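So this one's work.cif, mmCIF, C-alpha atoms:
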```cif
data_model
loop_
_atom_site.group_PDB
_atom_site.id
_atom_site.type_symbol
_atom_site.label_atom_id
_atom_site.label_comp_id
_atom_site.auth_asym_id
_atom_site.auth_seq_id
_atom_site.Cartn_x
_atom_site.Cartn_y
_atom_site.Cartn_z
ATOM 1 C CA VAL A 753 12.792 -20.174 -5.037
ATOM 2 C CA MET A 754 9.651 -18.575 -3.552
ATOM 3 C CA VAL A 755 10.666 -19.411 0.020
ATOM 4 C CA ILE A 756 14.218 -18.197 -0.584
ATOM 5 C CA GLY A 757 12.886 -14.963 -2.084
ATOM 6 C CA VAL A 758 10.620 -14.320 0.902
ATOM 7 C CA SER A 759 13.242 -15.095 3.533
ATOM 8 C CA GLU A 760 15.926 -12.970 1.894
ATOM 9 C CA ALA A 761 13.520 -10.074 1.529
ATOM 10 C CA MET A 762 13.017 -9.619 5.288
ATOM 11 C CA SER A 763 15.277 -6.663 6.077
ATOM 12 C CA ALA A 764 15.603 -2.885 5.627
ATOM 13 C CA ARG A 765 12.711 -0.538 6.205
ATOM 14 C CA SER A 766 12.215 2.869 4.581
ATOM 15 C CA GLU A 767 9.340 5.135 3.672
ATOM 16 C CA THR A 768 8.893 7.617 0.897
ATOM 17 C CA ILE A 769 6.674 10.647 1.030
ATOM 18 C CA SER A 770 5.105 12.446 -1.887
ATOM 19 C CA GLU A 771 3.144 15.679 -1.853
ATOM 20 C CA PRO A 772 -0.511 14.925 -2.661
ATOM 21 C CA GLY A 773 -2.967 16.802 -4.800
ATOM 22 C CA GLN A 774 -2.280 19.586 -7.229
ATOM 23 C CA LYS A 775 -0.250 22.686 -6.462
ATOM 24 C CA LYS A 776 -2.218 25.827 -5.735
ATOM 25 C CA ALA A 777 -1.084 29.427 -5.792
ATOM 26 C CA GLY A 778 0.028 30.925 -2.506
ATOM 27 C CA ARG A 779 2.325 29.888 0.277
ATOM 28 C CA PRO A 780 4.121 26.559 -0.270
ATOM 29 C CA ARG A 781 2.688 23.649 1.660
ATOM 30 C CA ASP A 782 4.538 22.305 4.668
ATOM 31 C CA ALA A 783 5.785 18.861 3.619
ATOM 32 C CA ALA A 784 6.231 17.831 7.270
ATOM 33 C CA LEU A 785 2.581 18.620 8.018
ATOM 34 C CA THR A 786 1.519 16.715 4.919
ATOM 35 C CA GLN A 787 3.459 13.676 6.139
ATOM 36 C CA ILE A 788 1.897 13.927 9.613
ATOM 37 C CA ILE A 789 -1.595 14.175 8.135
ATOM 38 C CA LEU A 790 -1.019 11.169 5.856
ATOM 39 C CA ASP A 791 0.326 9.136 8.786
ATOM 40 C CA VAL A 792 -2.652 10.077 10.949
ATOM 41 C CA ALA A 793 -5.067 9.424 8.067
ATOM 42 C CA LEU A 794 -3.642 5.925 7.677
ATOM 43 C CA GLU A 795 -4.007 5.268 11.410
ATOM 44 C CA SER A 796 -7.542 6.684 11.380
ATOM 45 C CA TYR A 797 -8.636 4.475 8.495
ATOM 46 C CA VAL A 798 -7.080 1.397 10.098
ATOM 47 C CA ASP A 799 -8.730 2.197 13.450
ATOM 48 C CA LEU A 800 -12.141 3.356 12.227
ATOM 49 C CA GLY A 801 -12.685 1.974 8.736
ATOM 50 C CA TRP A 802 -14.489 3.903 6.030
ATOM 51 C CA ALA A 803 -17.538 4.609 8.208
ATOM 52 C CA GLY A 804 -15.488 6.588 10.737
ATOM 53 C CA PHE A 805 -12.941 8.050 8.346
ATOM 54 C CA ASN A 806 -13.390 11.743 7.505
ATOM 55 C CA LEU A 807 -11.391 14.962 7.263
ATOM 56 C CA ASP A 808 -12.683 16.290 10.594
ATOM 57 C CA VAL A 809 -11.492 13.205 12.478
ATOM 58 C CA VAL A 810 -8.103 13.275 10.755
ATOM 59 C CA ALA A 811 -7.665 17.006 11.429
ATOM 60 C CA ARG A 812 -8.497 16.546 15.114
ATOM 61 C CA ARG A 813 -6.182 13.550 15.505
ATOM 62 C CA ALA A 814 -3.357 15.318 13.637
ATOM 63 C CA GLY A 815 -3.754 18.530 15.631
ATOM 64 C CA ALA A 816 -4.176 20.408 12.354
ATOM 65 C CA GLY A 817 -6.777 22.881 11.206
ATOM 66 C CA LYS A 818 -9.445 21.617 8.852
ATOM 67 C CA ALA A 819 -8.330 24.277 6.370
ATOM 68 C CA ALA A 820 -4.917 22.569 6.140
ATOM 69 C CA LEU A 821 -6.606 19.339 5.065
ATOM 70 C CA TYR A 822 -9.063 20.934 2.666
ATOM 71 C CA ALA A 823 -6.209 22.863 1.040
ATOM 72 C CA ARG A 824 -4.604 19.521 0.200
ATOM 73 C CA TRP A 825 -7.582 17.196 -0.344
ATOM 74 C CA PRO A 826 -11.089 18.153 -1.477
ATOM 75 C CA ASP A 827 -12.717 15.170 0.237
ATOM 76 C CA ARG A 828 -12.040 11.994 2.197
ATOM 77 C CA GLU A 829 -12.024 9.887 -0.972
ATOM 78 C CA ARG A 830 -9.001 11.778 -2.332
ATOM 79 C CA LEU A 831 -7.250 11.702 1.041
ATOM 80 C CA LEU A 832 -7.647 7.929 1.308
ATOM 81 C CA TYR A 833 -6.506 7.563 -2.319
ATOM 82 C CA ASP A 834 -3.257 9.356 -1.470
ATOM 83 C CA VAL A 835 -2.840 7.296 1.716
ATOM 84 C CA VAL A 836 -3.194 4.041 -0.238
ATOM 85 C CA ALA A 837 -0.944 5.246 -3.077
ATOM 86 C CA ARG A 838 1.757 6.118 -0.541
ATOM 87 C CA THR A 839 1.288 2.867 1.371
ATOM 88 C CA TYR A 840 1.504 0.789 -1.801
ATOM 89 C CA PRO A 841 4.116 2.601 -3.933
ATOM 90 C CA GLU A 842 4.810 1.516 -7.492
ATOM 91 C CA PHE A 843 7.204 -1.351 -8.134
ATOM 92 C CA GLU A 844 9.122 -1.628 -11.367
ATOM 93 C CA PRO A 845 10.466 -5.139 -12.048
ATOM 94 C CA LYS A 846 14.102 -5.131 -13.100
ATOM 95 C CA GLY A 847 15.692 -7.107 -15.910
ATOM 96 C CA GLU A 848 17.243 -9.724 -13.588
ATOM 97 C CA GLY A 849 15.954 -13.228 -13.054
ATOM 98 C CA LEU A 850 12.953 -14.456 -11.091
ATOM 99 C CA ARG A 851 14.800 -14.893 -7.805
ATOM 100 C CA GLU A 852 16.299 -11.378 -7.834
ATOM 101 C CA ASN A 853 12.982 -9.817 -8.782
ATOM 102 C CA LEU A 854 11.119 -11.670 -6.032
ATOM 103 C CA ILE A 855 13.702 -10.573 -3.478
ATOM 104 C CA ALA A 856 13.391 -6.978 -4.722
ATOM 105 C CA LEU A 857 9.589 -7.216 -4.531
ATOM 106 C CA GLY A 858 9.802 -8.613 -1.001
ATOM 107 C CA HIS A 859 12.017 -5.722 0.095
ATOM 108 C CA HIS A 860 9.677 -3.297 -1.637
ATOM 109 C CA VAL A 861 6.615 -4.632 0.222
ATOM 110 C CA LEU A 862 8.320 -4.903 3.612
ATOM 111 C CA ASP A 863 9.928 -1.467 3.352
ATOM 112 C CA THR A 864 6.491 0.102 3.050
ATOM 113 C CA HIS A 865 4.946 -1.900 5.901
ATOM 114 C CA PRO A 866 7.077 -1.494 9.039
ATOM 115 C CA ASP A 867 4.043 -1.920 11.332
ATOM 116 C CA HIS A 868 3.060 -5.455 10.426
ATOM 117 C CA ILE A 869 -0.240 -5.799 12.264
ATOM 118 C CA ARG A 870 -1.573 -2.417 11.143
ATOM 119 C CA SER A 871 -0.590 -3.267 7.563
ATOM 120 C CA ALA A 872 -2.584 -6.508 7.761
ATOM 121 C CA ILE A 873 -5.593 -4.587 9.142
ATOM 122 C CA LEU A 874 -5.243 -1.967 6.396
ATOM 123 C CA TRP A 875 -5.259 -4.600 3.677
ATOM 124 C CA THR A 876 -8.259 -6.364 5.235
ATOM 125 C CA ARG A 877 -10.196 -3.079 5.507
ATOM 126 C CA LEU A 878 -9.387 -2.174 1.901
ATOM 127 C CA ARG A 879 -10.488 -5.567 0.592
ATOM 128 C CA THR A 880 -13.738 -5.354 2.590
ATOM 129 C CA ASP A 881 -14.472 -1.784 1.511
ATOM 130 C CA LEU A 882 -13.795 -2.674 -2.121
ATOM 131 C CA VAL A 883 -16.808 -5.000 -1.853
ATOM 132 C CA THR A 884 -19.112 -2.955 0.380
ATOM 133 C CA HIS A 885 -18.369 0.487 -1.128
ATOM 134 C CA LYS A 886 -17.428 -0.479 -4.654
ATOM 135 C CA GLU A 887 -18.344 2.868 -6.233
ATOM 136 C CA ILE A 888 -16.121 4.756 -3.774
ATOM 137 C CA PHE A 889 -13.195 2.359 -3.922
ATOM 138 C CA GLN A 890 -13.307 1.648 -7.654
ATOM 139 C CA THR A 891 -10.657 4.271 -8.463
ATOM 140 C CA ILE A 892 -8.333 2.986 -5.727
ATOM 141 C CA ASP A 893 -8.792 -0.543 -7.038
ATOM 142 C CA GLU A 894 -8.278 0.312 -10.715
ATOM 143 C CA GLU A 895 -5.509 2.908 -10.435
ATOM 144 C CA ILE A 896 -3.510 1.589 -7.494
ATOM 145 C CA ILE A 897 -4.236 -2.019 -6.530
ATOM 146 C CA GLN A 898 -4.698 -3.463 -10.027
ATOM 147 C CA ASP A 899 -1.748 -1.429 -11.314
ATOM 148 C CA ARG A 900 0.510 -2.868 -8.603
ATOM 149 C CA LEU A 901 -0.750 -6.396 -9.236
ATOM 150 C CA HIS A 902 0.000 -5.974 -12.940
ATOM 151 C CA SER A 903 3.614 -5.025 -12.221
ATOM 152 C CA TYR A 904 3.939 -8.071 -9.941
ATOM 153 C CA ARG A 905 2.584 -10.357 -12.682
ATOM 154 C CA VAL A 906 5.242 -9.008 -15.060
ATOM 155 C CA ILE A 907 7.869 -10.760 -12.905
ATOM 156 C CA VAL A 908 6.283 -14.163 -13.489
ATOM 157 C CA ARG A 909 5.605 -13.535 -17.173
ATOM 158 C CA ARG A 910 9.248 -12.582 -17.733
ATOM 159 C CA ALA A 911 10.354 -15.764 -15.961
ATOM 160 C CA ILE A 912 8.100 -17.812 -18.256
ATOM 161 C CA ALA A 913 9.455 -15.992 -21.308
ATOM 162 C CA THR A 914 13.066 -16.692 -20.288
ATOM 163 C CA GLY A 915 12.390 -20.343 -19.448
ATOM 164 C CA GLU A 916 12.915 -19.984 -15.687
ATOM 165 C CA LEU A 917 9.319 -21.137 -15.262
ATOM 166 C CA ALA A 918 7.481 -23.646 -17.429
ATOM 167 C CA ASP A 919 5.092 -22.503 -20.134
ATOM 168 C CA GLY A 920 1.593 -22.378 -18.760
ATOM 169 C CA SER A 921 2.698 -21.480 -15.235
ATOM 170 C CA SER A 922 0.033 -19.433 -13.486
ATOM 171 C CA ALA A 923 1.194 -15.940 -12.551
ATOM 172 C CA MET A 924 -1.633 -15.725 -10.029
ATOM 173 C CA ILE A 925 -0.729 -18.969 -8.232
ATOM 174 C CA MET A 926 2.973 -18.079 -8.153
ATOM 175 C CA LEU A 927 2.256 -14.630 -6.718
ATOM 176 C CA ASP A 928 -0.269 -16.041 -4.240
ATOM 177 C CA MET A 929 2.463 -18.366 -2.942
ATOM 178 C CA PHE A 930 4.906 -15.490 -2.642
ATOM 179 C CA ALA A 931 2.367 -13.112 -1.095
ATOM 180 C CA GLY A 932 1.339 -15.827 1.355
ATOM 181 C CA GLY A 933 4.897 -15.975 2.676
ATOM 182 C CA LEU A 934 5.054 -12.196 3.012
ATOM 183 C CA ILE A 935 1.693 -11.983 4.776
ATOM 184 C CA ASN A 936 2.693 -14.788 7.116
ATOM 185 C CA TYR A 937 5.859 -12.871 7.933
ATOM 186 C CA LEU A 938 3.967 -9.611 8.464
ATOM 187 C CA LEU A 939 1.606 -11.324 10.898
ATOM 188 C CA TYR A 940 4.004 -13.644 12.713
ATOM 189 C CA SER A 941 7.479 -12.133 12.500
ATOM 190 C CA PRO A 942 9.598 -12.304 15.704
ATOM 191 C CA ALA A 943 8.881 -8.628 16.500
ATOM 192 C CA THR A 944 5.166 -9.260 16.230
ATOM 193 C CA ALA A 945 5.301 -12.603 18.022
ATOM 194 C CA ALA A 946 7.197 -11.089 20.952
ATOM 195 C CA ALA A 947 4.375 -8.637 21.536
ATOM 196 C CA MET A 948 1.734 -11.409 21.570
#
```
Please express what this file holds, its structure, as structure tokens.
Amino acid sequence: VMVIGVSEAMSARSETISEPGQKKAGRPRDAALTQIILDVALESYVDLGWAGFNLDVVARRAGAGKAALYARWPDRERLLYDVVARTYPEFEPKGEGLRENLIALGHHVLDTHPDHIRSAILWTRLRTDLVTHKEIFQTIDEEIIQDRLHSYRVIVRRAIATGELADGSSAMIMLDMFAGGLINYLLYSPATAAAM
């Protein structure tokens, strides 16, 4: 069922944008500029890692004034938080069975990662920075990554509760198998392979 779920999940792509930070008095923020900045911030982090990631670099790359960034994010930590939150949006498991939920999760992951290679680099950078800059990345880990992993584990726990999976099945092993198929697809899909 894992392989079926992964293969059926490889389709539509979409991206959702949310306005970061808290609203301030004054002129409304330009949502298009916010989207551009978040896109450029993602690219900058993927290209440069935490050591080279800062608001000045993002402003220069986005062709935006530094004031536009500082009006939205007080520091690079908050900007990266919003980039990661947007890149890994929340997933709410439905009431259907294991297969349907895995397919929905596959679509959810693939829809937010249209650039496969850059997504793999992003994940690798995040995992590395979680170890080397734990104090900086602790909030991202606790509030975004662990939260998403919890919602993914709910799928397996529901399947155990309904008898679709045997008692004692490991949610972590099941999700590792599923994630392995998705990561393999992200790295070696036909679009990616053609460019190699």
If you apply the PyMOL selection byres ((chain A and resi 817-821) around 10) to this file, what residues do you get, as a PDB file with C-alpha atoms, in the coordinates of the input?
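Final output, selection_12.pdb:
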```pdb
ATOM      1  CA  ARG A 781       2.688  23.649   1.660  1.00  0.00           C
ATOM      2  CA  ASP A 782       4.538  22.305   4.668  1.00  0.00           C
ATOM      3  CA  LEU A 785       2.581  18.620   8.018  1.00  0.00           C
ATOM      4  CA  THR A 786       1.519  16.715   4.919  1.00  0.00           C
ATOM      5  CA  ILE A 789      -1.595  14.175   8.135  1.00  0.00           C
ATOM      6  CA  LEU A 790      -1.019  11.169   5.856  1.00  0.00           C
ATOM      7  CA  LEU A 807     -11.391  14.962   7.263  1.00  0.00           C
ATOM      8  CA  ASP A 808     -12.683  16.290  10.594  1.00  0.00           C
ATOM      9  CA  VAL A 809     -11.492  13.205  12.478  1.00  0.00           C
ATOM     10  CA  VAL A 810      -8.103  13.275  10.755  1.00  0.00           C
ATOM     11  CA  ALA A 811      -7.665  17.006  11.429  1.00  0.00           C
ATOM     12  CA  ARG A 812      -8.497  16.546  15.114  1.00  0.00           C
ATOM     13  CA  ALA A 814      -3.357  15.318  13.637  1.00  0.00           C
ATOM     14  CA  GLY A 815      -3.754  18.530  15.631  1.00  0.00           C
ATOM     15  CA  ALA A 816      -4.176  20.408  12.354  1.00  0.00           C
ATOM     16  CA  TYR A 822      -9.063  20.934   2.666  1.00  0.00           C
ATOM     17  CA  ALA A 823      -6.209  22.863   1.040  1.00  0.00           C
ATOM     18  CA  ARG A 824      -4.604  19.521   0.200  1.00  0.00           C
ATOM     19  CA  TRP A 825      -7.582  17.196  -0.344  1.00  0.00           C
ATOM     20  CA  PRO A 826     -11.089  18.153  -1.477  1.00  0.00           C
ATOM     21  CA  ASP A 827     -12.717  15.170   0.237  1.00  0.00           C
ATOM     22  CA  ARG A 828     -12.040  11.994   2.197  1.00  0.00           C
ATOM     23  CA  LEU A 831      -7.250  11.702   1.041  1.00  0.00           C
TER      24      LEU A 831
END
```
Apply the PyMOL selection byres ((chain A and resi 799) around 12) to the displayed file and report the matching residues as a PyMOL selection string.
-> chain A and resi 792-798+800-805+809-810+813+869-871+873-874+876-877
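The nearest approach to A:Ala913 among the residues A:Leu850, A:Ile855, A:Lys886, A:Thr880, with only C-alpha atoms taken into account, belongs to A:Leu850.
A straight line drawn from atom CA of A:Thr914 to atom CA of A:Glu894 is 28.9 Å long.
With only C-alpha atoms as the atoms that count, the residue of A:Glu844, A:Asp867, A:Asp919, A:Glu852 with the shortest distance to A:Tyr937 is A:Asp867.
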Could you work out how far atom CA of A:Phe843 lies from atom CA of A:Pro866, giving the answer in Å with one decimal?
-> 17.2 Å
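With atom CA of A:Leu901 on one side and atom CA of A:Ile788 on the other, the separation reads 27.8 Å.
Proximity ranking of A:Ala783, A:His885, A:Ala918, A:Glu842 relative to A:Gln898 places A:Glu842 first, based on only C-alpha atoms.
Minimum atom-to-atom distance to A:Tyr940, evaluated using only C-alpha atoms, belongs to A:Ala872 out of A:His860, A:Leu882, A:Asp899, A:Ala872.
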If you count all atoms listed in the file, which residues fall within 10 Å of A:Met924, apart from same-chain ones fewer than 4 positions away, as a PDB file with C-alpha atoms, in the frame of the given file?
```pdb
ATOM      1  CA  LEU A 901      -0.750  -6.396  -9.236  1.00  0.00           C
ATOM      2  CA  TYR A 904       3.939  -8.071  -9.941  1.00  0.00           C
ATOM      3  CA  ARG A 905       2.584 -10.357 -12.682  1.00  0.00           C
ATOM      4  CA  VAL A 908       6.283 -14.163 -13.489  1.00  0.00           C
ATOM      5  CA  ASP A 928      -0.269 -16.041  -4.240  1.00  0.00           C
ATOM      6  CA  MET A 929       2.463 -18.366  -2.942  1.00  0.00           C
ATOM      7  CA  PHE A 930       4.906 -15.490  -2.642  1.00  0.00           C
TER       8      PHE A 930
END
```
Residues matched by the PyMOL selection byres ((chain A and resi 836) around 12) as a count of residues only | 38
Edge lengths and centre in Å, axis-aligned, stretch 856-865 of chain A plus 3 Å each side, as JSON:
```
{"center_x": 9.2, "center_y": -4.3, "center_z": 0.6, "size_x": 14.4, "size_y": 14.7, "size_z": 16.6}
```
